[in-house]
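Here is the file model.txt (compact mmCIF, C-alpha atoms).
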# COMPACT_ATOMS: atom_id res chain seq x y z
CA MET I 73 8.90 -1.71 49.65
CA ASN I 74 10.68 -2.76 46.45
CA ILE I 75 10.86 -6.48 45.52
CA LYS I 76 13.60 -7.44 43.07
CA ILE I 77 16.26 -10.01 42.22
CA VAL I 78 19.22 -9.33 44.48
CA PRO I 79 22.34 -8.10 42.63
CA GLN I 80 25.78 -9.46 43.40
CA GLU I 81 26.84 -6.42 45.39
CA ASP I 82 24.09 -7.15 47.95
CA TYR I 83 24.86 -10.85 48.54
CA GLU I 84 26.54 -10.05 51.85
CA GLN I 85 23.21 -8.61 53.06
CA ILE I 86 21.57 -11.97 52.27
CA HIS I 87 24.16 -13.72 54.44
CA ARG I 88 23.52 -11.31 57.31
CA LEU I 89 19.76 -11.72 57.16
CA ARG I 90 20.02 -15.53 57.02
CA ASP I 91 22.43 -15.60 59.99
CA TYR I 92 20.16 -13.33 62.03
CA SER I 93 16.94 -15.21 61.24
CA PHE I 94 17.99 -18.84 61.61
CA PRO I 95 19.34 -20.66 64.70
CA ASN I 96 22.95 -21.21 63.66
CA LYS I 97 25.33 -18.85 61.93
CA TYR I 98 26.83 -20.34 58.78
CA GLU I 99 30.61 -20.56 58.74
CA GLY I 100 33.23 -22.35 56.67
CA LYS I 101 31.90 -24.81 54.11
CA ARG I 102 28.26 -24.25 55.04
CA ARG I 103 28.69 -20.55 54.30
CA GLN I 104 30.38 -21.41 51.01
CA ASP I 105 27.47 -23.67 50.16
CA PHE I 106 24.88 -21.01 50.96
CA HIS I 107 26.78 -18.48 48.86
CA TYR I 108 26.76 -20.88 45.92
CA TRP I 109 22.97 -21.10 46.08
CA ILE I 110 22.58 -17.34 46.42
CA GLU I 111 24.47 -17.09 43.13
CA HIS I 112 22.68 -19.92 41.32
CA SER I 113 19.13 -19.44 42.60
CA THR I 114 16.55 -16.78 41.86
CA THR I 115 17.33 -14.75 44.97
CA LEU I 116 14.58 -12.25 45.75
CA GLY I 117 15.01 -9.38 48.16
CA ALA I 118 12.60 -6.92 49.75
CA TYR I 119 14.31 -3.55 49.90
CA ASP I 120 13.78 -0.61 52.22
CA PHE I 121 15.76 1.87 50.15
CA ASN I 122 19.16 0.11 49.82
CA LYS I 123 18.69 -2.30 52.71
CA VAL I 124 17.58 -5.93 52.21
CA VAL I 125 14.96 -6.50 54.91
CA GLY I 126 13.32 -9.65 53.54
CA GLN I 127 14.45 -12.49 51.31
CA LEU I 128 13.43 -15.69 49.53
CA LEU I 129 15.51 -18.10 47.44
CA ILE I 130 14.11 -20.20 44.59
CA LEU I 131 16.54 -23.08 44.08
CA PRO I 132 16.60 -24.50 40.52
CA LEU I 133 15.75 -28.14 41.24
CA ASN I 134 13.67 -30.95 39.77
CA MET I 135 11.10 -33.51 40.84
CA THR I 136 9.77 -36.67 39.24
CA VAL I 137 5.96 -36.89 39.19
CA HIS I 138 4.70 -40.37 38.25
CA GLY I 139 7.80 -41.00 36.15
CA VAL I 140 7.98 -37.56 34.49
CA ASN I 141 10.85 -35.35 35.63
CA LEU I 142 9.84 -31.67 35.91
CA GLN I 143 11.67 -28.46 36.71
CA MET I 144 10.90 -27.55 40.31
CA GLY I 145 11.39 -24.38 42.32
CA GLY I 146 12.63 -25.18 45.80
CA ILE I 147 11.64 -22.35 48.13
CA GLY I 148 14.10 -21.83 50.97
CA PHE I 149 15.77 -19.39 53.38
CA VAL I 150 12.62 -17.25 53.69
CA ALA I 151 13.19 -14.51 56.25
CA THR I 152 12.52 -10.92 57.31
CA TYR I 153 13.99 -8.81 60.07
CA PRO I 154 11.62 -8.66 63.09
CA GLU I 155 11.09 -4.90 62.86
CA TYR I 156 9.72 -5.37 59.32
CA ARG I 157 7.30 -8.21 60.05
CA ASN I 158 3.52 -7.91 59.75
CA GLN I 159 3.89 -5.44 56.87
CA GLY I 160 2.98 -7.82 54.03
CA ILE I 161 6.58 -8.31 52.91
CA MET I 162 6.35 -12.09 52.84
CA LYS I 163 3.19 -11.94 50.72
CA LYS I 164 4.91 -9.72 48.17
CA LEU I 165 7.95 -11.99 48.05
CA ILE I 166 5.84 -15.13 47.57
CA VAL I 167 3.65 -13.59 44.86
CA GLN I 168 6.77 -12.46 43.00
CA ALA I 169 8.33 -15.90 43.49
CA LEU I 170 5.35 -17.54 41.79
CA LYS I 171 5.73 -15.21 38.81
CA GLU I 172 9.47 -15.90 38.61
CA MET I 173 8.98 -19.67 38.75
CA ARG I 174 6.43 -19.57 35.95
CA LYS I 175 8.78 -17.44 33.86
CA ASN I 176 11.62 -19.90 34.53
CA GLY I 177 9.56 -22.94 33.50
CA GLN I 178 9.43 -24.33 37.05
CA LEU I 179 6.03 -26.00 36.85
CA ILE I 180 5.98 -27.17 40.44
CA SER I 181 7.33 -25.93 43.77
CA VAL I 182 8.32 -27.63 47.03
CA LEU I 183 9.14 -26.12 50.42
CA ALA I 184 9.60 -27.05 54.06
CA PRO I 185 7.07 -24.91 55.98
CA TYR I 186 7.62 -23.17 59.27
CA SER I 187 3.82 -22.87 59.31
CA VAL I 188 1.56 -25.15 57.25
CA SER I 189 -1.40 -22.77 57.49
CA PHE I 190 0.69 -19.83 56.25
CA TYR I 191 1.83 -21.56 53.07
CA ARG I 192 -1.54 -23.25 52.56
CA TYR I 193 -2.98 -19.76 52.19
CA PHE I 194 -0.67 -19.22 49.21
CA GLY I 195 -1.55 -22.53 47.55
CA TRP I 196 0.98 -25.05 48.85
CA GLU I 197 -0.25 -28.32 50.35
CA ILE I 198 1.19 -31.21 52.38
CA PHE I 199 2.21 -34.09 50.11
CA PHE I 200 4.42 -36.51 52.00
CA ASP I 201 4.10 -38.44 55.27
CA LYS I 202 7.65 -39.10 56.44
CA LEU I 203 8.20 -41.91 58.92
CA LYS I 204 11.12 -41.35 61.27
CA TYR I 205 12.29 -44.50 63.02
CA SER I 206 14.64 -45.39 65.85
CA ILE I 207 15.74 -49.01 66.23
CA PRO I 208 17.38 -49.99 69.55
CA VAL I 209 20.18 -52.55 69.49
CA GLU I 210 17.92 -55.33 70.79
CA ALA I 211 15.64 -54.88 67.73
CA PHE I 212 18.38 -54.76 65.09
CA PRO I 213 17.35 -56.94 62.13
CA ASN I 214 19.04 -60.30 61.67
CA PHE I 215 19.21 -61.54 58.10
CA GLY I 216 21.88 -64.14 58.70
CA ARG I 217 25.48 -64.24 57.65
CA GLN I 218 26.54 -63.83 54.06
CA ASN I 219 29.54 -62.57 52.15
CA ASP I 220 27.92 -59.52 50.53
CA THR I 221 29.98 -57.35 48.22
CA MET I 222 29.96 -53.93 49.89
CA LYS I 223 32.19 -51.06 48.81
CA ARG I 224 32.64 -48.05 51.03
CA THR I 225 33.79 -44.45 50.59
CA SER I 226 33.13 -41.08 52.25
CA PHE I 227 33.00 -37.38 51.47
CA GLU I 228 36.38 -36.99 53.21
CA TRP I 229 38.14 -39.58 51.05
CA ILE I 230 36.17 -40.09 47.85
CA ASP I 231 36.67 -43.18 45.74
CA GLU I 232 35.58 -41.76 42.39
CA GLU I 233 34.55 -45.09 40.86
CA ILE I 234 32.24 -46.01 43.73
CA PHE I 235 30.93 -42.44 43.95
CA GLN I 236 30.11 -42.36 40.24
CA ASP I 237 28.20 -45.65 40.57
CA ILE I 238 26.21 -44.24 43.51
CA GLN I 239 25.34 -41.00 41.73
CA GLN I 240 24.13 -42.80 38.61
CA PHE I 241 22.20 -45.37 40.66
CA HIS I 242 20.52 -42.66 42.74
CA ASN I 243 19.33 -40.75 39.65
CA GLU I 244 18.07 -43.87 37.88
CA HIS I 245 15.88 -44.61 40.89
CA ALA I 246 14.77 -40.99 41.24
CA LEU I 247 13.54 -40.97 37.64
CA LYS I 248 11.50 -44.12 38.25
CA SER I 249 10.02 -42.92 41.53
CA ASN I 250 7.18 -40.56 42.33
CA GLY I 251 8.57 -37.54 44.17
CA GLY I 252 12.22 -38.34 43.54
CA MET I 253 14.77 -35.62 42.85
CA THR I 254 17.76 -36.29 40.63
CA ARG I 255 21.01 -34.95 42.03
CA ASP I 256 23.54 -33.16 39.87
CA LYS I 257 27.16 -32.50 40.82
CA ALA I 258 26.20 -29.27 42.61
CA TRP I 259 23.68 -31.04 44.86
CA TRP I 260 26.17 -33.75 45.86
CA GLN I 261 28.69 -31.00 46.62
CA ARG I 262 26.05 -29.36 48.78
CA LEU I 263 25.58 -32.56 50.78
CA ALA I 264 29.35 -32.87 51.19
CA ARG I 265 29.69 -29.27 52.40
CA ARG I 266 26.82 -29.53 54.86
CA GLU I 267 27.59 -33.04 56.14
CA PRO I 268 31.30 -33.70 55.54
CA ASP I 269 31.31 -36.60 58.02
CA ASN I 270 28.98 -38.70 55.85
CA HIS I 271 30.02 -42.14 54.65
CA LEU I 272 28.66 -43.99 51.62
CA ALA I 273 28.40 -47.75 51.21
CA ALA I 274 27.29 -49.48 48.01
CA TYR I 275 26.07 -53.05 47.60
CA TYR I 276 27.11 -54.84 44.39
CA ASN I 277 25.42 -57.87 42.86
CA ALA I 278 27.29 -59.53 39.99
CA ASN I 279 29.63 -56.52 39.80
CA LYS I 280 26.72 -54.11 39.35
CA ILE I 281 25.54 -51.67 41.99
CA ALA I 282 22.16 -52.70 43.41
CA GLY I 283 21.82 -50.43 46.42
CA TYR I 284 23.54 -47.84 48.60
CA ILE I 285 23.30 -45.93 51.85
CA ARG I 286 24.65 -42.58 52.98
CA TYR I 287 25.16 -42.39 56.74
CA ASN I 288 27.16 -41.12 59.67
CA ILE I 289 27.96 -42.45 63.12
CA THR I 290 27.87 -40.06 66.09
CA SER I 291 27.06 -40.47 69.77
CA LEU I 292 26.63 -44.25 69.39
CA THR I 293 23.94 -43.70 66.73
CA PHE I 294 24.03 -45.00 63.16
CA SER I 295 22.10 -42.29 61.26
CA ILE I 296 20.86 -43.25 57.79
CA LYS I 297 20.59 -40.31 55.37
CA ASP I 298 19.88 -42.22 52.13
CA PHE I 299 18.74 -45.82 51.68
CA VAL I 300 18.09 -46.87 48.07
CA ALA I 301 17.88 -50.49 46.92
CA ASP I 302 16.80 -52.41 43.84
CA ASP I 303 14.98 -55.17 45.68
CA LEU I 304 14.49 -57.04 48.94
CA TYR I 305 17.74 -58.97 48.48
CA ALA I 306 19.70 -55.69 48.21
CA GLU I 307 17.84 -54.24 51.22
CA GLN I 308 18.79 -57.22 53.36
CA ALA I 309 22.42 -57.02 52.29
CA ILE I 310 22.51 -53.34 53.31
CA TRP I 311 20.87 -54.13 56.66
CA ARG I 312 23.54 -56.76 57.25
CA PHE I 313 26.19 -54.09 56.65
CA ILE I 314 24.45 -51.68 59.04
CA THR I 315 24.08 -54.22 61.82
CA SER I 316 27.76 -55.23 61.46
CA HIS I 317 28.34 -52.01 63.47
CA LYS I 318 26.44 -53.48 66.42
CA ALA I 319 29.48 -53.47 68.69
CA SER I 320 29.96 -49.71 68.32
CA VAL I 321 26.40 -48.29 68.13
CA GLU I 322 23.33 -48.47 70.35
CA LYS I 323 20.62 -47.52 67.86
CA ILE I 324 19.83 -46.96 64.20
CA GLU I 325 17.94 -43.86 63.10
CA GLY I 326 16.53 -42.92 59.71
CA ALA I 327 13.49 -41.86 57.76
CA THR I 328 11.34 -43.52 55.14
CA SER I 329 7.84 -43.28 53.70
CA ILE I 330 4.84 -44.16 55.83
CA ASP I 331 3.88 -46.83 53.28
CA SER I 332 7.29 -48.55 53.30
CA HIS I 333 6.35 -51.24 55.88
CA ILE I 334 9.79 -50.89 57.43
CA GLY I 335 10.48 -53.64 59.94
CA PHE I 336 7.82 -55.99 58.57
CA ASN I 337 10.34 -58.79 58.05
CA PHE I 338 12.46 -57.99 61.13
CA ASP I 339 12.48 -60.51 63.99
CA GLN I 340 11.64 -57.61 66.31
CA PRO I 341 9.49 -55.15 64.30
CA GLN I 342 8.26 -53.21 67.33
CA PHE I 343 10.39 -50.09 67.56
CA ASN I 344 9.71 -46.35 67.76
CA ARG I 345 8.17 -44.64 64.76
CA GLU I 346 7.10 -41.01 64.37
CA VAL I 347 5.22 -39.47 61.45
CA SER I 348 6.10 -35.95 60.33
CA GLN I 349 4.65 -33.81 57.54
CA ASP I 350 7.42 -31.38 56.76
CA VAL I 351 7.20 -30.73 53.01
CA MET I 352 4.55 -29.02 50.90
CA VAL I 353 3.97 -28.90 47.15
CA ARG I 354 2.32 -26.47 44.76
CA ILE I 355 1.66 -26.57 41.03
CA VAL I 356 2.81 -23.23 39.63
CA ASP I 357 1.67 -23.52 36.00
CA ALA I 358 -1.36 -25.82 35.82
CA PHE I 359 -1.71 -25.78 32.02
CA ALA I 360 1.93 -26.70 31.36
CA PHE I 361 1.87 -29.22 34.20
CA MET I 362 -1.14 -31.04 32.78
CA GLN I 363 0.41 -31.01 29.31
CA ASN I 364 3.39 -32.93 30.73
CA TYR I 365 1.34 -35.17 33.03
CA PRO I 366 1.37 -38.95 32.35
CA TRP I 367 -2.38 -39.40 32.02
CA GLN I 368 -3.56 -43.00 32.14
CA THR I 369 -6.74 -44.25 30.47
CA ILE I 370 -9.18 -41.51 29.42
CA HIS I 371 -12.45 -42.86 28.01
CA GLN I 372 -14.32 -39.56 27.98
CA PRO I 373 -12.98 -35.98 28.04
CA LEU I 374 -12.19 -34.71 31.53
CA TYR I 375 -13.02 -31.21 32.78
CA ILE I 376 -11.53 -29.33 35.71
CA GLN I 377 -11.93 -25.79 36.97
CA LEU I 378 -9.22 -24.39 39.23
CA GLU I 379 -9.29 -21.72 41.90
CA ASP I 380 -5.96 -19.97 42.44
CA ILE I 381 -6.09 -16.34 43.57
CA PHE I 382 -2.30 -15.91 43.65
CA CYS I 383 -1.71 -17.37 40.17
CA PRO I 384 -4.53 -15.94 38.05
CA TRP I 385 -3.07 -17.64 34.97
CA ASN I 386 -4.27 -20.94 36.49
CA GLU I 387 -7.90 -19.91 37.00
CA HIS I 388 -9.50 -21.56 33.98
CA LEU I 389 -11.77 -24.38 32.95
CA TYR I 390 -9.60 -27.09 31.38
CA LYS I 391 -10.54 -29.93 29.06
CA ILE I 392 -8.38 -33.05 28.81
CA ASN I 393 -9.11 -35.11 25.70
CA LYS I 394 -8.77 -38.88 25.31
CA ASP I 395 -5.24 -38.50 23.97
CA GLY I 396 -4.22 -36.38 26.98
CA HIS I 397 -4.27 -33.12 25.01
CA VAL I 398 -5.15 -30.19 27.30
CA THR I 399 -7.08 -27.09 26.23
CA ILE I 400 -8.52 -24.09 28.04
CA ILE I 401 -12.23 -23.49 27.65
CA GLU I 402 -12.97 -19.80 28.04
CA GLU I 403 -16.76 -20.08 28.32
CA LYS I 404 -18.32 -22.34 30.90
CA SER I 405 -20.09 -25.03 28.90
CA VAL I 406 -20.03 -27.97 31.29
CA GLU I 407 -22.42 -28.77 34.12
CA ASP I 408 -20.88 -28.78 37.58
CA VAL I 409 -21.54 -32.49 38.16
CA HIS I 410 -19.48 -33.33 35.07
CA MET I 411 -16.35 -31.51 36.18
CA LEU I 412 -13.92 -31.22 39.06
CA LYS I 413 -13.81 -27.85 40.81
CA LEU I 414 -10.76 -27.62 43.04
CA SER I 415 -8.48 -25.20 44.81
CA ILE I 416 -4.87 -25.27 43.63
CA ASN I 417 -3.98 -26.86 47.00
CA LEU I 418 -6.16 -29.94 46.56
CA PHE I 419 -5.37 -30.16 42.85
CA SER I 420 -1.63 -30.20 43.61
CA ALA I 421 -1.92 -32.85 46.32
CA MET I 422 -4.09 -35.05 44.08
CA MET I 423 -1.94 -34.80 40.96
CA VAL I 424 1.27 -35.80 42.76
CA GLY I 425 -0.49 -38.81 44.31
CA TYR I 426 -0.85 -37.77 47.95
CA LEU I 427 -4.65 -37.42 47.95
CA SER I 428 -7.02 -39.69 46.07
CA LEU I 429 -9.95 -38.39 44.03
CA MET I 430 -12.30 -39.45 46.85
CA ASP I 431 -10.15 -37.50 49.31
CA VAL I 432 -10.32 -34.25 47.33
CA LEU I 433 -14.06 -34.59 46.83
CA LYS I 434 -14.45 -34.97 50.59
CA TYR I 435 -12.21 -32.03 51.49
CA SER I 436 -13.62 -29.77 48.78
CA GLN I 437 -17.20 -30.79 49.64
CA LYS I 438 -17.97 -31.15 45.95
CA VAL I 439 -20.14 -33.69 44.16
CA MET I 440 -19.79 -35.12 40.69
CA SER I 441 -21.54 -37.71 38.58
CA GLU I 442 -20.58 -41.36 38.98
CA GLU I 443 -19.47 -41.52 35.35
CA CYS I 444 -17.19 -38.50 35.79
CA LEU I 445 -15.77 -39.92 39.01
CA VAL I 446 -14.88 -43.24 37.34
CA ASN I 447 -13.28 -41.46 34.38
CA TRP I 448 -11.05 -39.37 36.64
CA GLN I 449 -10.06 -42.40 38.72
CA ARG I 450 -8.94 -44.23 35.59
CA ALA I 451 -6.98 -41.24 34.35
CA ILE I 452 -4.82 -40.46 37.41
CA PRO I 453 -1.83 -42.67 38.28
CA VAL I 454 -1.81 -44.18 41.77
CA ASP I 455 1.57 -43.96 43.49
CA PHE I 456 2.30 -42.36 46.86
CA PRO I 457 4.98 -39.63 46.61
CA LYS I 458 8.29 -39.83 48.45
CA PHE I 459 10.46 -36.72 48.89
CA PHE I 460 13.52 -36.91 51.15
CA GLU I 461 15.64 -33.92 50.11
CA TYR I 462 16.18 -31.01 52.47
CA TYR I 463 17.07 -27.41 51.72

Serialized structure, structure tokens:
Amino acid sequence: MNIKIVPQEDYEQIHRLRDYSFPNKYEGKRRQDFHYWIEHSTTLGAYDFNKVVGQLLILPLNMTVHGVNLQMGGIGFVATYPEYRNQGIMKKLIVQALKEMRKNGQLISVLAPYSVSFYRYFGWEIFFDKLKYSIPVEAFPNFGRQNDTMKRTSFEWIDEEIFQDIQQFHNEHALKSNGGMTRDKAWWQRLARREPDNHLAAYYNANKIAGYIRYNITSLTFSIKDFVADDLYAEQAIWRFITSHKASVEKIEGATSIDSHIGFNFDQPQFNREVSQDVMVRIVDAFAFMQNYPWQTIHQPLYIQLEDIFCPWNEHLYKINKDGHVTIIEEKSVEDVHMLKLSINLFSAMMVGYLSLMDVLKYSQKVMSEECLVNWQRAIPVDFPKFFEYY
């Protein structure tokens, strides 16, 4: 079985394999969108002679980790034909994908797993608890009446001025968040191709955008796709806009982070909520990642030893000095109780803010000195990650 980057003349085979392996065949704009990403991603194919029998796309994306925006490899459209399964094809594709991402400077990777245990084996780990909510009409929030300045557009009839404000506003917030992904023109085009019925509404305060939502209305349901706001005042203005549709919808659906406290200031905060864990993260190049990491206070040098069988370039003992400078120590010269010893899974989840230091010590069943523990706690930023993109 030969694993290689798929040449242009075989793109049609990628379409056929995707259409066979996933529930719905892509047609029209969705097919155009998928073709764009075949062309602009690192598209890997597993070949049986001249036939593509397995595939994996690495989308060239980005993710902000504690305020630092990093190149990210988004793994998607992973598939094999059924007659070629259980032959190790997926393992070969994933191992090659890790090499390609490192070569491309993609320090971190995110994917939506069909099986958490499968991708955990290769080093990815859960890193976001998404809270899906459904608000019935009787629980719609009531923040009074006010003449808010809302401006509306849609993918079908774009108002370029409003759309430009929304794009800039979204990216400014993504760069300040933990887990946010900035959207370039291609990503907005992707959203428009995949969900052409989406509307966008922006809230303006003193002639400056302060929040926006992306949404659609189908089957008496107001479905929120994006909800980004500067502050509580902007949030309430957007909720007033949403609930102004009360006469034509029966419920509001959306998703947020589990730590968002959605509904806390609603008159009726008791509505359905469901937690899902549908994205996983992996650090691809630990040395480069730590060099770019926004370390906080480091009083004494930190030491960490990583286990990563599928990325042997990560399996080192690292030293992080007081100034955040990272070096690799070839010879083991530190006692175990004075260092962290982690799998790449736990290391990834900790560094992006999903697991605390105490969590990783519990799950790794490791012990460390009290002084070392305090030093690590001071050094790592505390901010729960939020990742809402889908691919």

Would you give the centre and edge lengths, in Å to one decimal, of a box along x, y and z around the listed atoms of stretch 294-306 of chain I, with 4 Å added to each side, as JSON?
{"center_x": 19.3, "center_y": -49.6, "center_z": 53.5, "size_x": 17.5, "size_y": 26.7, "size_z": 27.3}

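Rounded to one decimal, atom CA of I:Gln372 and atom CA of I:Gln449 lie 11.9 Å from each other.
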
Worksheet item: From the list I:Ser405, I:Asn288, I:Gln308, I:Ser348, which residue is nearest I:Tyr275 when using all atoms listed in the file?
Response: I:Gln308

Select from stretch 242-285 of chain I every residue with an atom at most 12 Å from any atom of stretch 416-427 of chain I, then for each give the shortest pair of atoms and their distance in Å to one decimal, using all atoms listed in the file, rows by chain and rising number, as JSON lines.
{"residue": "I:Ser249", "atom": "CA", "partner": "I:Val424", "partner_atom": "CA", "distance": 11.3}
{"residue": "I:Asn250", "atom": "CA", "partner": "I:Val424", "partner_atom": "CA", "distance": 7.6}
{"residue": "I:Gly251", "atom": "CA", "partner": "I:Val424", "partner_atom": "CA", "distance": 7.6}
{"residue": "I:Gly252", "atom": "CA", "partner": "I:Val424", "partner_atom": "CA", "distance": 11.3}

Worksheet, complete the sentence: One decimal place gives the atom CA of I:Glu322-atom CA of I:Leu292 separation as 5.4 Å

Practice prompt. Write out as a PyMOL selection string the residues lying within 6 Å of I:Leu203, counting all atoms listed in the file and excluding same-chain residues fewer than 3 positions away.
Written response: chain I and resi 327-330+346-347
